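Colleague: This one is input.json, JSON, C-alpha atoms and all ligand atoms.
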```
[["chain", "number", "residue", "atom", "x", "y", "z"],
["A", 1, "MET", "CA", 14.90, 25.23, -25.03],
["A", 2, "ALA", "CA", 15.43, 26.61, -21.54],
["A", 3, "PHE", "CA", 12.27, 26.61, -19.47],
["A", 4, "THR", "CA", 12.13, 28.36, -16.13],
["A", 5, "ASN", "CA", 8.62, 27.67, -14.87],
["A", 6, "GLN", "CA", 8.81, 25.85, -11.52],
["A", 7, "VAL", "CA", 6.39, 22.96, -11.13],
["A", 8, "GLN", "CA", 5.21, 22.03, -7.65],
["A", 9, "ALA", "CA", 2.57, 19.70, -6.29],
["A", 10, "VAL", "CA", -0.76, 21.41, -5.68],
["A", 11, "ALA", "CA", -2.20, 18.34, -3.95],
["A", 12, "ILE", "CA", -1.51, 14.77, -2.88],
["A", 13, "CYS", "CA", -3.67, 11.86, -4.03],
["A", 14, "ARG", "CA", -4.74, 9.18, -1.55],
["A", 15, "THR", "CA", -5.81, 5.88, -3.11],
["A", 16, "PRO", "CA", -6.24, 2.20, -2.12],
["A", 17, "TYR", "CA", -3.16, 1.34, -4.21],
["A", 18, "LYS", "CA", -0.14, 0.97, -1.92],
["A", 19, "GLN", "CA", 2.20, -0.43, -4.58],
["A", 20, "LYS", "CA", 2.41, -0.10, -8.37],
["A", 21, "PHE", "CA", 1.67, -3.76, -9.05],
["A", 22, "GLY", "CA", -2.08, -4.17, -9.48],
["A", 23, "ILE", "CA", -2.95, -0.57, -10.28],
["A", 24, "PRO", "CA", -5.14, -0.52, -13.41],
["A", 25, "ARG", "CA", -3.33, 0.72, -16.52],
["A", 26, "GLN", "CA", -5.84, 3.49, -17.10],
["A", 27, "PRO", "CA", -8.53, 5.27, -15.05],
["A", 28, "GLY", "CA", -12.18, 4.23, -15.28],
["A", 29, "LEU", "CA", -11.45, 0.49, -15.17],
["A", 30, "VAL", "CA", -11.85, 0.02, -11.39],
["A", 31, "LYS", "CA", -14.87, 2.06, -10.35],
["A", 32, "SER", "CA", -14.82, 0.70, -6.77],
["A", 33, "ALA", "CA", -11.44, 2.37, -6.12],
["A", 34, "HIS", "CA", -12.29, 5.36, -3.93],
["A", 35, "GLY", "CA", -9.89, 7.95, -2.60],
["A", 36, "TYR", "CA", -9.29, 11.65, -2.40],
["A", 37, "VAL", "CA", -7.11, 14.52, -3.56],
["A", 38, "GLU", "CA", -6.01, 16.80, -0.72],
["A", 39, "LEU", "CA", -4.88, 20.31, -1.62],
["A", 40, "GLN", "CA", -1.47, 21.37, -0.29],
["A", 41, "ALA", "CA", -0.38, 24.80, 0.96],
["A", 42, "PRO", "CA", -0.47, 27.47, -0.43],
["A", 43, "PHE", "CA", -3.29, 26.14, -2.66],
["A", 44, "ASN", "CA", -5.42, 24.60, 0.12],
["A", 45, "HIS", "CA", -8.17, 27.15, 0.02],
["A", 46, "ILE", "CA", -11.76, 26.22, -0.74],
["A", 47, "ASP", "CA", -11.92, 29.18, -3.14],
["A", 48, "SER", "CA", -9.39, 27.48, -5.42],
["A", 49, "VAL", "CA", -11.93, 24.74, -6.21],
["A", 50, "ARG", "CA", -15.05, 26.91, -6.14],
["A", 51, "GLY", "CA", -17.36, 25.70, -8.96],
["A", 52, "LEU", "CA", -15.58, 22.36, -9.44],
["A", 53, "GLU", "CA", -18.46, 20.53, -7.72],
["A", 54, "GLN", "CA", -20.54, 21.14, -10.85],
["A", 55, "TYR", "CA", -18.44, 18.60, -12.76],
["A", 56, "SER", "CA", -18.82, 14.81, -12.63],
["A", 57, "HIS", "CA", -15.22, 14.20, -13.72],
["A", 58, "ILE", "CA", -11.88, 15.96, -13.42],
["A", 59, "TRP", "CA", -8.47, 15.75, -15.06],
["A", 60, "LEU", "CA", -5.56, 15.07, -12.75],
["A", 61, "LEU", "CA", -2.09, 15.90, -14.03],
["A", 62, "PHE", "CA", 0.44, 14.16, -11.83],
["A", 63, "SER", "CA", 4.01, 13.08, -11.38],
["A", 64, "PHE", "CA", 4.99, 9.44, -11.91],
["A", 65, "HIS", "CA", 7.08, 10.15, -8.81],
["A", 66, "GLU", "CA", 8.02, 6.53, -8.09],
["A", 67, "ASN", "CA", 9.67, 6.18, -11.51],
["A", 68, "LEU", "CA", 11.45, 9.54, -11.86],
["A", 69, "ALA", "CA", 14.81, 8.18, -10.68],
["A", 70, "GLN", "CA", 14.80, 5.60, -13.48],
["A", 71, "GLY", "CA", 14.66, 8.24, -16.22],
["A", 72, "TRP", "CA", 13.01, 7.64, -19.57],
["A", 73, "LYS", "CA", 13.42, 5.50, -22.68],
["A", 74, "THR", "CA", 12.91, 6.40, -26.35],
["A", 75, "THR", "CA", 10.95, 3.20, -26.94],
["A", 76, "VAL", "CA", 8.84, 1.03, -24.68],
["A", 77, "ARG", "CA", 7.14, -2.39, -24.88],
["A", 78, "PRO", "CA", 3.43, -1.84, -24.17],
["A", 79, "PRO", "CA", 1.76, -4.66, -22.19],
["A", 80, "ARG", "CA", -1.04, -4.54, -24.79],
["A", 81, "LEU", "CA", 1.35, -6.00, -27.35],
["A", 82, "GLY", "CA", 2.42, -8.79, -25.02],
["A", 83, "GLY", "CA", 5.70, -7.02, -24.29],
["A", 84, "ASN", "CA", 7.05, -8.16, -27.68],
["A", 85, "GLU", "CA", 6.91, -5.00, -29.75],
["A", 86, "LYS", "CA", 8.49, -1.59, -29.25],
["A", 87, "LEU", "CA", 6.70, 1.73, -29.71],
["A", 88, "GLY", "CA", 7.93, 5.30, -29.23],
["A", 89, "VAL", "CA", 7.51, 6.76, -25.76],
["A", 90, "PHE", "CA", 5.28, 9.51, -27.16],
["A", 91, "ALA", "CA", 3.08, 6.88, -28.86],
["A", 92, "THR", "CA", 2.29, 5.27, -25.48],
["A", 93, "ARG", "CA", 1.20, 6.03, -21.94],
["A", 94, "SER", "CA", 4.51, 4.78, -20.57],
["A", 95, "THR", "CA", 5.31, 5.90, -17.03],
["A", 96, "PHE", "CA", 8.99, 6.43, -18.01],
["A", 97, "ARG", "CA", 8.72, 9.79, -19.76],
["A", 98, "PRO", "CA", 11.06, 12.79, -20.14],
["A", 99, "ASN", "CA", 9.05, 14.95, -17.72],
["A", 100, "GLY", "CA", 7.41, 12.07, -15.83],
["A", 101, "ILE", "CA", 3.91, 13.56, -16.16],
["A", 102, "GLY", "CA", 0.73, 11.45, -16.14],
["A", 103, "GLN", "CA", -2.85, 12.49, -16.87],
["A", 104, "SER", "CA", -6.05, 10.79, -15.80],
["A", 105, "VAL", "CA", -9.75, 11.55, -15.92],
["A", 106, "VAL", "CA", -11.33, 10.46, -12.63],
["A", 107, "GLU", "CA", -14.83, 10.57, -11.20],
["A", 108, "LEU", "CA", -15.45, 13.51, -8.86],
["A", 109, "ILE", "CA", -17.77, 12.39, -6.07],
["A", 110, "GLY", "CA", -17.69, 15.57, -4.02],
["A", 111, "VAL", "CA", -15.74, 18.48, -2.62],
["A", 112, "GLU", "CA", -15.41, 18.89, 1.13],
["A", 113, "GLN", "CA", -13.58, 20.90, 3.76],
["A", 114, "LEU", "CA", -12.40, 18.88, 6.79],
["A", 115, "ASN", "CA", -10.46, 20.45, 9.68],
["A", 116, "GLY", "CA", -9.15, 23.18, 7.41],
["A", 117, "LYS", "CA", -8.16, 20.72, 4.67],
["A", 118, "VAL", "CA", -9.78, 20.79, 1.23],
["A", 119, "ARG", "CA", -10.53, 17.37, -0.23],
["A", 120, "LEU", "CA", -11.84, 16.24, -3.58],
["A", 121, "ASN", "CA", -13.39, 12.81, -3.17],
["A", 122, "ILE", "CA", -12.70, 10.76, -6.27],
["A", 123, "ALA", "CA", -13.15, 7.28, -7.73],
["A", 124, "ALA", "CA", -11.85, 5.10, -10.58],
["A", 125, "MET", "CA", -8.28, 6.46, -10.46],
["A", 126, "ASP", "CA", -5.10, 4.70, -11.69],
["A", 127, "LEU", "CA", -2.74, 6.50, -9.28],
["A", 128, "LEU", "CA", -0.45, 5.17, -6.58],
["A", 129, "ASP", "CA", -1.22, 6.30, -3.02],
["A", 130, "GLY", "CA", 0.78, 9.47, -2.28],
["A", 131, "THR", "CA", 1.07, 10.61, -5.91],
["A", 132, "PRO", "CA", 1.86, 14.35, -6.20],
["A", 133, "ILE", "CA", -0.82, 16.16, -8.21],
["A", 134, "LEU", "CA", 0.54, 18.92, -10.46],
["A", 135, "ASP", "CA", -2.77, 20.33, -11.67],
["A", 136, "ILE", "CA", -6.52, 19.76, -11.49],
["A", 137, "LYS", "CA", -8.96, 20.71, -14.24],
["A", 138, "PRO", "CA", -12.62, 20.05, -14.94],
["A", 139, "TYR", "CA", -13.37, 17.43, -17.61],
["A", 140, "ILE", "CA", -15.40, 19.10, -20.36],
["A", 141, "PRO", "CA", -17.35, 16.46, -22.32],
["A", 142, "PHE", "CA", -18.19, 18.55, -25.42],
["A", 143, "SER", "CA", -14.51, 19.02, -26.12],
["A", 144, "ASP", "CA", -12.67, 16.24, -24.25],
["A", 145, "ALA", "CA", -14.88, 13.31, -25.36],
["A", 146, "ILE", "CA", -14.28, 12.55, -29.03],
["A", 147, "THR", "CA", -16.55, 9.64, -29.88],
["A", 148, "SER", "CA", -15.14, 9.18, -33.41],
["A", 149, "ALA", "CA", -11.51, 9.03, -32.21],
["A", 150, "GLN", "CA", -9.21, 6.15, -33.22],
["A", 151, "GLY", "CA", -7.60, 4.41, -30.24],
["A", 152, "GLY", "CA", -4.54, 2.83, -31.89],
["A", 153, "ILE", "CA", -3.40, -0.31, -30.01],
["A", 154, "ALA", "CA", -5.67, 0.63, -27.10],
["A", 155, "HIS", "CA", -8.94, 1.09, -29.00],
["A", 156, "GLU", "CA", -10.88, -1.33, -26.76],
["A", 157, "ALA", "CA", -10.83, -1.76, -22.97],
["A", 158, "PRO", "CA", -8.45, -4.60, -22.04],
["A", 159, "HIS", "CA", -9.68, -8.21, -21.95],
["A", 160, "THR", "CA", -10.68, -9.30, -18.42],
["A", 161, "LEU", "CA", -10.52, -12.64, -16.55],
["A", 162, "PRO", "CA", -13.14, -14.14, -14.21],
["A", 163, "VAL", "CA", -12.27, -13.78, -10.51],
["A", 164, "ASN", "CA", -13.27, -16.40, -7.94],
["A", 165, "PHE", "CA", -12.82, -16.36, -4.16],
["A", 166, "SER", "CA", -11.75, -19.25, -1.91],
["A", 167, "GLU", "CA", -13.73, -19.90, 1.27],
["A", 168, "GLN", "CA", -10.82, -18.45, 3.22],
["A", 169, "ALA", "CA", -10.88, -15.26, 1.15],
["A", 170, "ILE", "CA", -14.65, -14.87, 1.65],
["A", 171, "ALA", "CA", -14.16, -15.25, 5.41],
["A", 172, "ASP", "CA", -11.32, -12.69, 5.36],
["A", 173, "ILE", "CA", -13.48, -10.23, 3.41],
["A", 174, "HIS", "CA", -16.29, -10.72, 5.89],
["A", 175, "SER", "CA", -13.92, -9.93, 8.79],
["A", 176, "ALA", "CA", -12.84, -6.72, 7.07],
["A", 177, "LYS", "CA", -16.40, -5.60, 6.24],
["A", 178, "GLN", "CA", -16.53, -2.94, 8.93],
["A", 179, "SER", "CA", -13.49, -0.99, 7.70],
["A", 180, "HIS", "CA", -13.71, -1.90, 3.97],
["A", 181, "PRO", "CA", -17.33, -2.56, 2.93],
["A", 182, "ASN", "CA", -16.51, -2.62, -0.80],
["A", 183, "LEU", "CA", -13.39, -4.80, -0.59],
["A", 184, "GLN", "CA", -14.73, -7.73, -2.62],
["A", 185, "ALA", "CA", -15.85, -5.49, -5.49],
["A", 186, "LEU", "CA", -12.52, -3.66, -5.43],
["A", 187, "ILE", "CA", -10.50, -6.90, -5.48],
["A", 188, "THR", "CA", -12.65, -8.29, -8.31],
["A", 189, "GLU", "CA", -12.29, -5.19, -10.48],
["A", 190, "VAL", "CA", -8.53, -4.97, -9.85],
["A", 191, "LEU", "CA", -7.71, -8.63, -10.44],
["A", 192, "CYS", "CA", -9.98, -9.13, -13.47],
["A", 193, "GLN", "CA", -7.56, -6.78, -15.29],
["A", 194, "ASP", "CA", -4.89, -9.51, -14.85],
["A", 195, "PRO", "CA", -2.09, -7.36, -13.38],
["A", 196, "ARG", "CA", 0.64, -9.88, -14.27],
["A", 197, "PRO", "CA", 3.43, -8.87, -16.65],
["A", 198, "ALA", "CA", 2.38, -9.50, -20.26],
["A", 199, "TYR", "CA", 4.90, -12.30, -20.85],
["A", 200, "LYS", "CA", 3.32, -14.40, -18.07],
["A", 201, "ARG", "CA", -0.09, -14.52, -19.69],
["A", 202, "ALA", "CA", 0.55, -17.02, -22.46],
["A", 203, "LYS", "CA", 2.15, -19.66, -20.20],
["A", 204, "GLN", "CA", 1.08, -21.89, -17.33],
["A", 205, "ASP", "CA", 1.69, -19.88, -14.17],
["A", 206, "LEU", "CA", 1.99, -21.57, -10.76],
["A", 207, "LYS", "CA", 3.10, -18.48, -8.85],
["A", 208, "GLN", "CA", 1.13, -16.97, -5.97],
["A", 209, "TYR", "CA", 0.86, -13.18, -6.38],
["A", 210, "GLN", "CA", 0.20, -10.44, -3.88],
["A", 211, "VAL", "CA", -1.50, -7.08, -4.43],
["A", 212, "ALA", "CA", -1.60, -4.40, -1.71],
["A", 213, "LEU", "CA", -4.98, -2.66, -1.36],
["A", 214, "TYR", "CA", -5.62, -0.30, 1.55],
["A", 215, "ASP", "CA", -3.96, -1.98, 4.58],
["A", 216, "LYS", "CA", -4.45, -5.50, 3.14],
["A", 217, "ASP", "CA", -2.35, -7.89, 1.13],
["A", 218, "VAL", "CA", -4.46, -9.87, -1.32],
["A", 219, "LEU", "CA", -2.99, -13.29, -2.21],
["A", 220, "TRP", "CA", -4.06, -14.87, -5.51],
["A", 221, "HIS", "CA", -3.10, -17.25, -8.27],
["A", 222, "VAL", "CA", -4.18, -18.01, -11.82],
["A", 223, "THR", "CA", -5.84, -21.18, -13.13],
["A", 224, "ASP", "CA", -7.19, -22.16, -16.57],
["A", 225, "ASP", "CA", -10.57, -20.82, -15.40],
["A", 226, "GLY", "CA", -9.31, -17.41, -14.33],
["A", 227, "ILE", "CA", -8.08, -15.85, -11.11],
["A", 228, "VAL", "CA", -8.56, -17.34, -7.65],
["A", 229, "VAL", "CA", -8.24, -15.16, -4.55],
["A", 230, "ASP", "CA", -6.64, -17.33, -1.86],
["A", 231, "ALA", "CA", -6.66, -15.07, 1.19],
["A", 232, "ILE", "CA", -6.57, -11.48, 2.44],
["A", 233, "ARG", "CA", -3.93, -10.74, 5.06],
["A", 234, "PRO", "CA", -2.98, -7.64, 7.09],
["A", 235, "GLY", "CA", -0.68, -5.61, 4.85],
["A", 236, "VAL", "CA", 2.98, -4.87, 5.42],
["A", 237, "VAL", "CA", 3.12, -1.70, 3.23],
["A", 301, "LIG", "N1", -3.66, 7.55, -17.07],
["A", 301, "LIG", "C1", -2.28, 7.97, -16.92],
["A", 301, "LIG", "C2", -1.69, 8.43, -18.24],
["A", 301, "LIG", "O1", -2.14, 7.95, -19.27],
["A", 301, "LIG", "O2", -0.79, 9.27, -18.21],
["A", 301, "LIG", "C3", -1.44, 6.89, -16.32],
["A", 301, "LIG", "C4", -1.29, 5.68, -17.18],
["A", 301, "LIG", "S1", 0.00, 4.66, -16.57],
["A", 301, "LIG", "C5", 0.11, 3.44, -17.82],
["A", 301, "LIG", "C6", -0.81, 3.86, -15.23],
["A", 301, "LIG", "C7", 0.19, 3.16, -14.38],
["A", 301, "LIG", "O3", 1.02, 4.14, -13.78],
["A", 301, "LIG", "C8", -0.41, 2.41, -13.22],
["A", 301, "LIG", "O4", -0.80, 1.11, -13.61],
["A", 301, "LIG", "C9", 0.73, 2.39, -12.20],
["A", 301, "LIG", "O5", 1.51, 1.23, -12.36],
["A", 301, "LIG", "C10", 1.58, 3.60, -12.60],
["A", 301, "LIG", "N2", 1.58, 4.67, -11.60],
["A", 301, "LIG", "C11", 0.51, 5.25, -11.02],
["A", 301, "LIG", "N3", 0.91, 6.21, -10.17],
["A", 301, "LIG", "C12", 2.25, 6.23, -10.24],
["A", 301, "LIG", "C13", 3.25, 7.02, -9.59],
["A", 301, "LIG", "N4", 2.93, 7.98, -8.71],
["A", 301, "LIG", "N5", 4.55, 6.77, -9.87],
["A", 301, "LIG", "C14", 4.89, 5.81, -10.76],
["A", 301, "LIG", "N6", 3.99, 5.03, -11.41],
["A", 301, "LIG", "C15", 2.68, 5.24, -11.14]]
```
Output the structure of this file as structure tokens.
Ligand code: SAM
Modeller:
Amino acid sequence: MAFTNQVQAVAICRTPYKQKFGIPRQPGLVKSAHGYVELQAPFNHIDSVRGLEQYSHIWLLFSFHENLAQGWKTTVRPPRLGGNEKLGVFATRSTFRPNGIGQSVVELIGVEQLNGKVRLNIAAMDLLDGTPILDIKPYIPFSDAITSAQGGIAHEAPHTLPVNFSEQAIADIHSAKQSHPNLQALITEVLCQDPRPAYKRAKQDLKQYQVALYDKDVLWHVTDDGIVVDAIRPGVV
């Protein structure tokens, strides 16, 4: 069916996540991830968010803009199933979708106006830094929260791993305290999700991984006892 409505970004989302690897697979899992949504012209008027401050959470509809060029697939292999089983694209939250649209409920910390820019301060997002926001709506608990709902393959929050820090990593975090006071909590919440591809999880894994958070590269590896953060370096992203 032909469809003529033009979709444009109403805002841009700024987050600690500078690359896709390491971003939690759903919102709400990493509460220490703080960022903001900045309205874009011609929507950047404080009146367009008047009343939104009364809500603790908002829906963000956004473009999976980094994946659009790769198109979409009829079936996908959800990480939840270890990457071994295929499900239909519309039965999953795959980022490779016909219209490339994502949706996330995030915590709304506050609304502010700064040098003529309108910002929604948010937390617990699962969005890449720079993600175009297509729409913003208040989260309405009486209707949006369905406590009796069945969650299919994603009924429970994902299993987490313990995260330990080397002496070097602790020293690096200490050095970054001024600019990133919550860095250790953020790293812990991100890495305990075990961002590795599903097929890596069942095997011994000697690789050192890197996750980009803010302007830092976090280096880590996996042992039988969980995740070990080796060091935090200035980022290259
Ligand atoms: N909560 C949303 C949903 O259900 O539509 C997103 C779920 S999707 C599985 C979450 C993943 O999308 C993240 O782990 C990250 O890898 C990816 N992602 C986030 N922002 C993106 C963007 N702008 N472009 C492409 N992929 C993105």
Colleague: Considering only C-alpha atoms and all ligand atoms, can you say which of A:Val10, A:Val105, A:Ala212, A:Ala169 comes closest to ligand LIG 301 (chain A)?
Modeller: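 Distance minimum relative to ligand LIG 301 (chain A) lands on A:Val105.
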Colleague: Do you have the CA of Asp47 (chain A)-CA of Val118 (chain A) distance handy?
Modeller: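 Taking CA of Asp47 (chain A) and CA of Val118 (chain A), their separation equals 9.7 Å.
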Colleague: Nearest residue to Lys207 (chain A) out of A:Cys192, A:Val222, A:Leu134, A:Val163, using all atoms listed in the file?
Modeller: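 When distances to Lys207 (chain A) are compared using all atoms listed in the file, the smallest one comes from A:Val222.
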Colleague: Compare A:Pro141, A:Pro24, A:Pro16, A:Gly102 by their minimum atom-to-atom distance to Asp215 (chain A), counting all atoms listed in the file, and give me the closest one.
Modeller: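 Closest residue, counting all atoms listed in the file: A:Pro16.
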Colleague: CA of Leu183 (chain A) and CA of Met125 (chain A) are how many Å apart?
Modeller: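 CA of Met125 (chain A) lies at a distance of 15.8 Å from CA of Leu183 (chain A).
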Colleague: Would you mind putting all heavy atoms back on region 120-131 of chain A and writing the result as a PDB file, in the frame of the given file?
Modeller:
```
ATOM      1  N   LEU A 120     -10.987  16.632  -2.473  1.00  0.00           N
ATOM      2  CA  LEU A 120     -11.840  16.240  -3.580  1.00  0.00           C
ATOM      3  C   LEU A 120     -11.986  14.728  -3.496  1.00  0.00           C
ATOM      4  O   LEU A 120     -10.982  14.002  -3.613  1.00  0.00           O
ATOM      5  CB  LEU A 120     -11.188  16.609  -4.919  1.00  0.00           C
ATOM      6  CG  LEU A 120     -10.646  18.041  -5.047  1.00  0.00           C
ATOM      7  CD1 LEU A 120     -10.009  18.231  -6.418  1.00  0.00           C
ATOM      8  CD2 LEU A 120     -11.757  19.053  -4.807  1.00  0.00           C
ATOM      9  N   ASN A 121     -13.187  14.262  -3.230  1.00  0.00           N
ATOM     10  CA  ASN A 121     -13.390  12.810  -3.170  1.00  0.00           C
ATOM     11  C   ASN A 121     -13.545  12.276  -4.581  1.00  0.00           C
ATOM     12  O   ASN A 121     -14.348  12.797  -5.366  1.00  0.00           O
ATOM     13  CB  ASN A 121     -14.612  12.495  -2.304  1.00  0.00           C
ATOM     14  CG  ASN A 121     -14.368  12.856  -0.856  1.00  0.00           C
ATOM     15  OD1 ASN A 121     -13.295  12.572  -0.300  1.00  0.00           O
ATOM     16  ND2 ASN A 121     -15.323  13.542  -0.237  1.00  0.00           N
ATOM     17  N   ILE A 122     -12.756  11.252  -4.883  1.00  0.00           N
ATOM     18  CA  ILE A 122     -12.700  10.760  -6.270  1.00  0.00           C
ATOM     19  C   ILE A 122     -12.846   9.242  -6.326  1.00  0.00           C
ATOM     20  O   ILE A 122     -12.727   8.564  -5.302  1.00  0.00           O
ATOM     21  CB  ILE A 122     -11.374  11.171  -6.958  1.00  0.00           C
ATOM     22  CG1 ILE A 122     -10.160  10.597  -6.204  1.00  0.00           C
ATOM     23  CG2 ILE A 122     -11.271  12.684  -7.078  1.00  0.00           C
ATOM     24  CD1 ILE A 122      -8.862  10.669  -6.989  1.00  0.00           C
ATOM     25  N   ALA A 123     -13.096   8.738  -7.521  1.00  0.00           N
ATOM     26  CA  ALA A 123     -13.150   7.280  -7.730  1.00  0.00           C
ATOM     27  C   ALA A 123     -12.587   6.966  -9.112  1.00  0.00           C
ATOM     28  O   ALA A 123     -12.443   7.846  -9.968  1.00  0.00           O
ATOM     29  CB  ALA A 123     -14.587   6.784  -7.627  1.00  0.00           C
ATOM     30  N   ALA A 124     -12.272   5.655  -9.281  1.00  0.00           N
ATOM     31  CA  ALA A 124     -11.850   5.100 -10.580  1.00  0.00           C
ATOM     32  C   ALA A 124     -10.494   5.630 -11.047  1.00  0.00           C
ATOM     33  O   ALA A 124     -10.241   5.721 -12.253  1.00  0.00           O
ATOM     34  CB  ALA A 124     -12.930   5.334 -11.632  1.00  0.00           C
ATOM     35  N   MET A 125      -9.619   5.928 -10.102  1.00  0.00           N
ATOM     36  CA  MET A 125      -8.280   6.460 -10.460  1.00  0.00           C
ATOM     37  C   MET A 125      -7.305   5.319 -10.776  1.00  0.00           C
ATOM     38  O   MET A 125      -7.534   4.151 -10.416  1.00  0.00           O
ATOM     39  CB  MET A 125      -7.737   7.332  -9.314  1.00  0.00           C
ATOM     40  CG  MET A 125      -7.184   6.583  -8.122  1.00  0.00           C
ATOM     41  SD  MET A 125      -8.389   5.627  -7.203  1.00  0.00           S
ATOM     42  CE  MET A 125      -9.223   6.883  -6.263  1.00  0.00           C
ATOM     43  N   ASP A 126      -6.184   5.679 -11.423  1.00  0.00           N
ATOM     44  CA  ASP A 126      -5.100   4.700 -11.690  1.00  0.00           C
ATOM     45  C   ASP A 126      -3.796   5.206 -11.070  1.00  0.00           C
ATOM     46  O   ASP A 126      -2.726   5.018 -11.628  1.00  0.00           O
ATOM     47  CB  ASP A 126      -4.936   4.461 -13.205  1.00  0.00           C
ATOM     48  CG  ASP A 126      -4.650   5.729 -13.992  1.00  0.00           C
ATOM     49  OD1 ASP A 126      -4.798   6.840 -13.430  1.00  0.00           O
ATOM     50  OD2 ASP A 126      -4.267   5.620 -15.167  1.00  0.00           O
ATOM     51  N   LEU A 127      -3.896   5.860  -9.909  1.00  0.00           N
ATOM     52  CA  LEU A 127      -2.740   6.500  -9.280  1.00  0.00           C
ATOM     53  C   LEU A 127      -2.326   5.764  -7.998  1.00  0.00           C
ATOM     54  O   LEU A 127      -3.174   5.329  -7.210  1.00  0.00           O
ATOM     55  CB  LEU A 127      -3.058   7.942  -8.905  1.00  0.00           C
ATOM     56  CG  LEU A 127      -2.965   8.991 -10.010  1.00  0.00           C
ATOM     57  CD1 LEU A 127      -4.076   8.808 -11.023  1.00  0.00           C
ATOM     58  CD2 LEU A 127      -3.030  10.383  -9.422  1.00  0.00           C
ATOM     59  N   LEU A 128      -1.032   5.706  -7.808  1.00  0.00           N
ATOM     60  CA  LEU A 128      -0.450   5.170  -6.580  1.00  0.00           C
ATOM     61  C   LEU A 128      -0.803   6.080  -5.404  1.00  0.00           C
ATOM     62  O   LEU A 128      -0.854   7.314  -5.559  1.00  0.00           O
ATOM     63  CB  LEU A 128       1.069   5.133  -6.780  1.00  0.00           C
ATOM     64  CG  LEU A 128       1.936   4.528  -5.701  1.00  0.00           C
ATOM     65  CD1 LEU A 128       1.686   3.029  -5.599  1.00  0.00           C
ATOM     66  CD2 LEU A 128       3.412   4.782  -6.037  1.00  0.00           C
ATOM     67  N   ASP A 129      -0.992   5.494  -4.223  1.00  0.00           N
ATOM     68  CA  ASP A 129      -1.220   6.300  -3.020  1.00  0.00           C
ATOM     69  C   ASP A 129      -0.026   7.228  -2.806  1.00  0.00           C
ATOM     70  O   ASP A 129       1.126   6.789  -2.904  1.00  0.00           O
ATOM     71  CB  ASP A 129      -1.386   5.366  -1.819  1.00  0.00           C
ATOM     72  CG  ASP A 129      -1.741   6.132  -0.562  1.00  0.00           C
ATOM     73  OD1 ASP A 129      -2.620   7.005  -0.630  1.00  0.00           O
ATOM     74  OD2 ASP A 129      -1.124   5.856   0.495  1.00  0.00           O
ATOM     75  N   GLY A 130      -0.290   8.506  -2.540  1.00  0.00           N
ATOM     76  CA  GLY A 130       0.780   9.470  -2.280  1.00  0.00           C
ATOM     77  C   GLY A 130       1.282  10.187  -3.522  1.00  0.00           C
ATOM     78  O   GLY A 130       2.244  10.955  -3.442  1.00  0.00           O
ATOM     79  N   THR A 131       0.622   9.975  -4.660  1.00  0.00           N
ATOM     80  CA  THR A 131       1.070  10.610  -5.910  1.00  0.00           C
ATOM     81  C   THR A 131       0.910  12.140  -5.832  1.00  0.00           C
ATOM     82  O   THR A 131      -0.176  12.635  -5.500  1.00  0.00           O
ATOM     83  CB  THR A 131       0.256  10.062  -7.106  1.00  0.00           C
ATOM     84  OG1 THR A 131       0.556   8.684  -7.258  1.00  0.00           O
ATOM     85  CG2 THR A 131       0.567  10.805  -8.390  1.00  0.00           C
TER      86      THR A 131
END
```
